[in-house]
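Asks: Submitted below is the structure of interest, expressed as structure tokens.
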Amino acid sequence: MAIETQYINGKAQCVPRRVVVALRMAGVAGQDKLHGIFEYLNTRERWQLVIYRTRQEFTADTVREELGRRTDGFIVGIPDSDEALAVLAHSDVPTVAIDISGGGIENRKDNIAFVKNDPAAIGWTAAQALLSHGIYKSYGYAGYRTDDGWSRDRGDAFRDALDKAGFAVRMFDVRHYDDKITDNETVANWLKALPKPCGIFASCDDRAFEILDACNEIGIKVPDEIGIIGVNNDIMLCENADPSLTSIQPDFIREGLVAAELLECMMNGGRIQEQNLTAKIDLQKIVYRDSTISSVSSSGKLVQKALNFINKNALKGIGVEQVVKRFKVSRSLLELRFKELQHESIYEAILRIRLDEVCRRLEFTAEPISEITAACGWKNPIPPKILFKKRYKMSMSQYRASRRNRISDEHHVS
């Protein structure tokens with residue numbers, strides 16, 4: 001149960017569980033993860049949340065104090081908080097770590113679970129997005145300024161995907177450049193040596209922003225000479241970069257929601273089997289912006305602008321005709337170019353985005369199906385029900401019921 005009963009002066013009183021949430025709120029990732037936690041709690045009895053937002057707040061002493069208060073559970077996701085994690089590593093209080101490791105927390109055996117975005121999916125998606133342009137002579141990976149595991153894994157996945165397509169990747173990370181990774185002259189020389197046009201995948205939006213600044217400083221044209229993709233879709237960074245940054249958006253909201261589910265299960269006495277301790281969450285989408293719209297390929301530029309328009313407007317009920325009208329080209333030409341580069345039709349792209357949102361709402365909200373289909377662009381609920389069943393081989397109600405049992409099915413809680 002999410003509420004415990006205590007007796008005070010002989011009277012029973014319900015006391016919510018005390019849960020510590022430590023997430024870095026400086027960027028979109030932490031904010032969305034907290035959003036996911038609240039989405040989970042909105043359908044249940046609320047916890048008493050104690051929120052720490054920075055590494056300076058979430059220290060080893062903080063954890064000791066919280067353990068002394070008999071805190072019921074922890075959800076932690078602040079990078080470089082090794083000392084705090086080391087204290088948790090030696091406790092048995094239910095804990096979920098989101099996108100972090102360190103302090104020996106990864107070696108803890110009991111009442112522990114890990115939630116992370118899938119680095120293989122992110123690296124593969126970046127590779128496919130750049131390959132789809134059909135214009136780049138070379139490819140590069142700009143790793144994070146520290147040798148974090150998530151940065152290594154994303155770079156390896158990107159390199160492997162391009163290797164299978166017959167391309168080598170020029171790696172610019174700590175493993176290859178050591179402490180020179182942050183040296184401005186070394187960054188500039190690496191960028192100048194890349195055969196142009198080149199597609200670059202940066203480990204995160206912060207790194208993409210730095211690479212873009214370096215290109216502007218030395219006169220490399222983005223996106224004509226170098227196209228850049230980041231990760232996180234941090235709106236503040238991506239929209240204010242010059243040019244604006246294309247970015248892969250992990251599903252941070254779902255990471256927070258799954259973390260809350262796992263913690264609730266452990267606090268209820270459930271045990272997660274060791275082979276299922278880590279839940280990898282797939283990415284949500286890629287948001288195309290000007291850093292990868294290249295004038296080298298008019299077809300690539302047209303298709304990417306069409307994709308951006310579809311991503312922004314699919315849930316408003318647009319059809320193929322509105323997309324064609326927006327770009328003032330013949331339908332046959334746009335369909336041909338879209339199919340060549342995206343390997344799906346314009347209609348299939350619109351439908352995919354709308355049905356993906358239907359799935360998300362069925363899983364994460366209690367909204368009636370009629371409200372969900374309306375929010376996803378359909379005035380009549382019958383067509384989307386038919387399309388949904390054709391694609392997923394089950395009705396929307398059956399899908400919602402199946403996802404309600406996800407924890408027991410996927411994580412084998414006993």
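The chains in the structure tokens are called A, B, ... from first to last as shown; in each chain the residues are counted from 1, and the ligands are counted from 1 in the order shown.
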Using the chain letters and numbers from this document, which residues of stretch 274-345 of chain A does DSSP assign to strand (DSSP E), as a short mmCIF file (atom, residue, chain, number, x, y, z; two decimals) with C-alpha atoms, in the first residue's frame?
Replies:
```cif
data_model
loop_
_atom_site.label_atom_id
_atom_site.label_comp_id
_atom_site.auth_asym_id
_atom_site.auth_seq_id
_atom_site.Cartn_x
_atom_site.Cartn_y
_atom_site.Cartn_z
CA THR A 278 17.70 -2.48 -15.57
CA ALA A 279 14.76 -1.05 -17.54
CA LYS A 280 15.90 0.46 -20.85
CA ILE A 281 13.49 3.06 -22.17
CA LEU A 283 13.55 7.21 -27.34
CA GLN A 284 10.47 9.26 -28.13
CA LYS A 285 11.31 11.02 -31.40
CA ILE A 286 13.84 13.08 -33.34
CA VAL A 287 13.09 16.78 -33.75
#
```
Asks: Let's see if you can do this: from backbone DSSP, list all alpha helix (DSSP H) residues in stretch 75-314 of chain A, as an MDAnalysis selection string.
Replies: chainID A and resid 82:89 119:131 149:164 174:177 184:193 205:218 235:240 252:267 298:313
Asks: Could you name the residues that touch A:Ala161 at 7 Å or less, counting only C-alpha atoms, but leaving out those on the same chain fewer than 4 positions away, as a list in words?
Replies: Trp124, Ala127, Ala157 and Ala165 of chain A
Asks: Excluding A:Val174 and any residue of its chain fewer than 6 positions from it, enumerate the residues within 8 Å of it, using only C-alpha atoms, and give them as a list in words.
Replies: Gly143, Tyr144, Arg145, Thr146, Asp147, Lys180 and Ile181 of chain A
Asks: Contacts of stretch 316-333 of chain A at 8 Å or less, counting only C-alpha atoms, minus same-chain residues fewer than 6 places along, as a ChimeraX atom specification?
Replies: /A:306,309-310,346-347,350,375-378
Asks: Just the selected residues (C-alpha atoms), exported as an mmCIF file, in the first residue's frame, please.
Replies:
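Result went into again.cif, see below:
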```cif
data_model
loop_
_atom_site.group_PDB
_atom_site.id
_atom_site.type_symbol
_atom_site.label_atom_id
_atom_site.label_comp_id
_atom_site.auth_asym_id
_atom_site.auth_seq_id
_atom_site.Cartn_x
_atom_site.Cartn_y
_atom_site.Cartn_z
ATOM 1 C CA ALA A 306 8.198 18.201 -44.260
ATOM 2 C CA PHE A 309 5.962 20.180 -40.125
ATOM 3 C CA ILE A 310 4.434 16.723 -39.629
ATOM 4 C CA ILE A 346 3.729 10.875 -45.804
ATOM 5 C CA TYR A 347 0.478 9.280 -44.646
ATOM 6 C CA ILE A 350 1.434 11.087 -39.887
ATOM 7 C CA ALA A 375 -6.696 14.759 -28.819
ATOM 8 C CA CYS A 376 -4.748 12.847 -31.465
ATOM 9 C CA GLY A 377 -6.525 14.431 -34.410
ATOM 10 C CA TRP A 378 -9.611 12.287 -35.105
#
```
Asks: Which residue, A:Asn308, A:Thr71, A:Thr365, A:Gln31, has the smallest gap to A:Pro16 when you use only C-alpha atoms?
Replies: A:Thr71
Asks: Counting only C-alpha atoms, what is within 12 Å of stretch 217-221 of chain A, bar same-chain residues fewer than 4 positions away, as a PyMOL selection string?
Replies: chain A and resi 184-185+187-198+210-213+225-228+242-243+290-296
Asks: Looking at only C-alpha atoms, which of A:Phe172, A:Tyr40, A:Phe114, A:Phe74 is the one that sits closest to A:Ala97?
Replies: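 The answer is A:Phe114, which sits nearest to A:Ala97.
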Asks: Would you tabulate, counting only C-alpha atoms, all residues of stretch 85-148 of chain A that have an atom at most 9 Å from an atom of stretch 54-64 of chain A, showing the closest pair of atoms and their distance in Å to one decimal, sorted by chain then ascending number, as CSV?
Replies:
```
residue,atom,partner,partner_atom,distance
A:Leu85,CA,A:Ala60,CA,7.5
A:Ala86,CA,A:Ala60,CA,7.7
A:Val87,CA,A:Ala60,CA,6.2
A:Leu88,CA,A:Val63,CA,7.2
```
Asks: If you keep N, CA and C atoms, can you produce a file of those selected residues as a compact mmCIF listing (two decimals), in the first residue's frame?
Replies:
```
# COMPACT_ATOMS: atom_id res chain seq x y z
N LEU A 85 25.80 8.41 -3.56
CA LEU A 85 25.44 7.07 -4.03
C LEU A 85 26.16 5.99 -3.23
N ALA A 86 27.37 6.29 -2.77
CA ALA A 86 28.12 5.31 -1.98
C ALA A 86 27.40 4.99 -0.67
N VAL A 87 26.76 5.99 -0.08
CA VAL A 87 25.99 5.75 1.15
C VAL A 87 24.78 4.87 0.83
N LEU A 88 24.10 5.18 -0.28
CA LEU A 88 22.94 4.37 -0.67
C LEU A 88 23.37 2.95 -1.03
```
Asks: Would you pick out the contacts of A:Ala374 at 12 Å or less, using only C-alpha atoms, so that residues sharing its chain but fewer than 6 positions from it are not included, and give the list as a ChimeraX atom specification?
Replies: /A:315-317,354-355,357-358,361,367-368,380-385
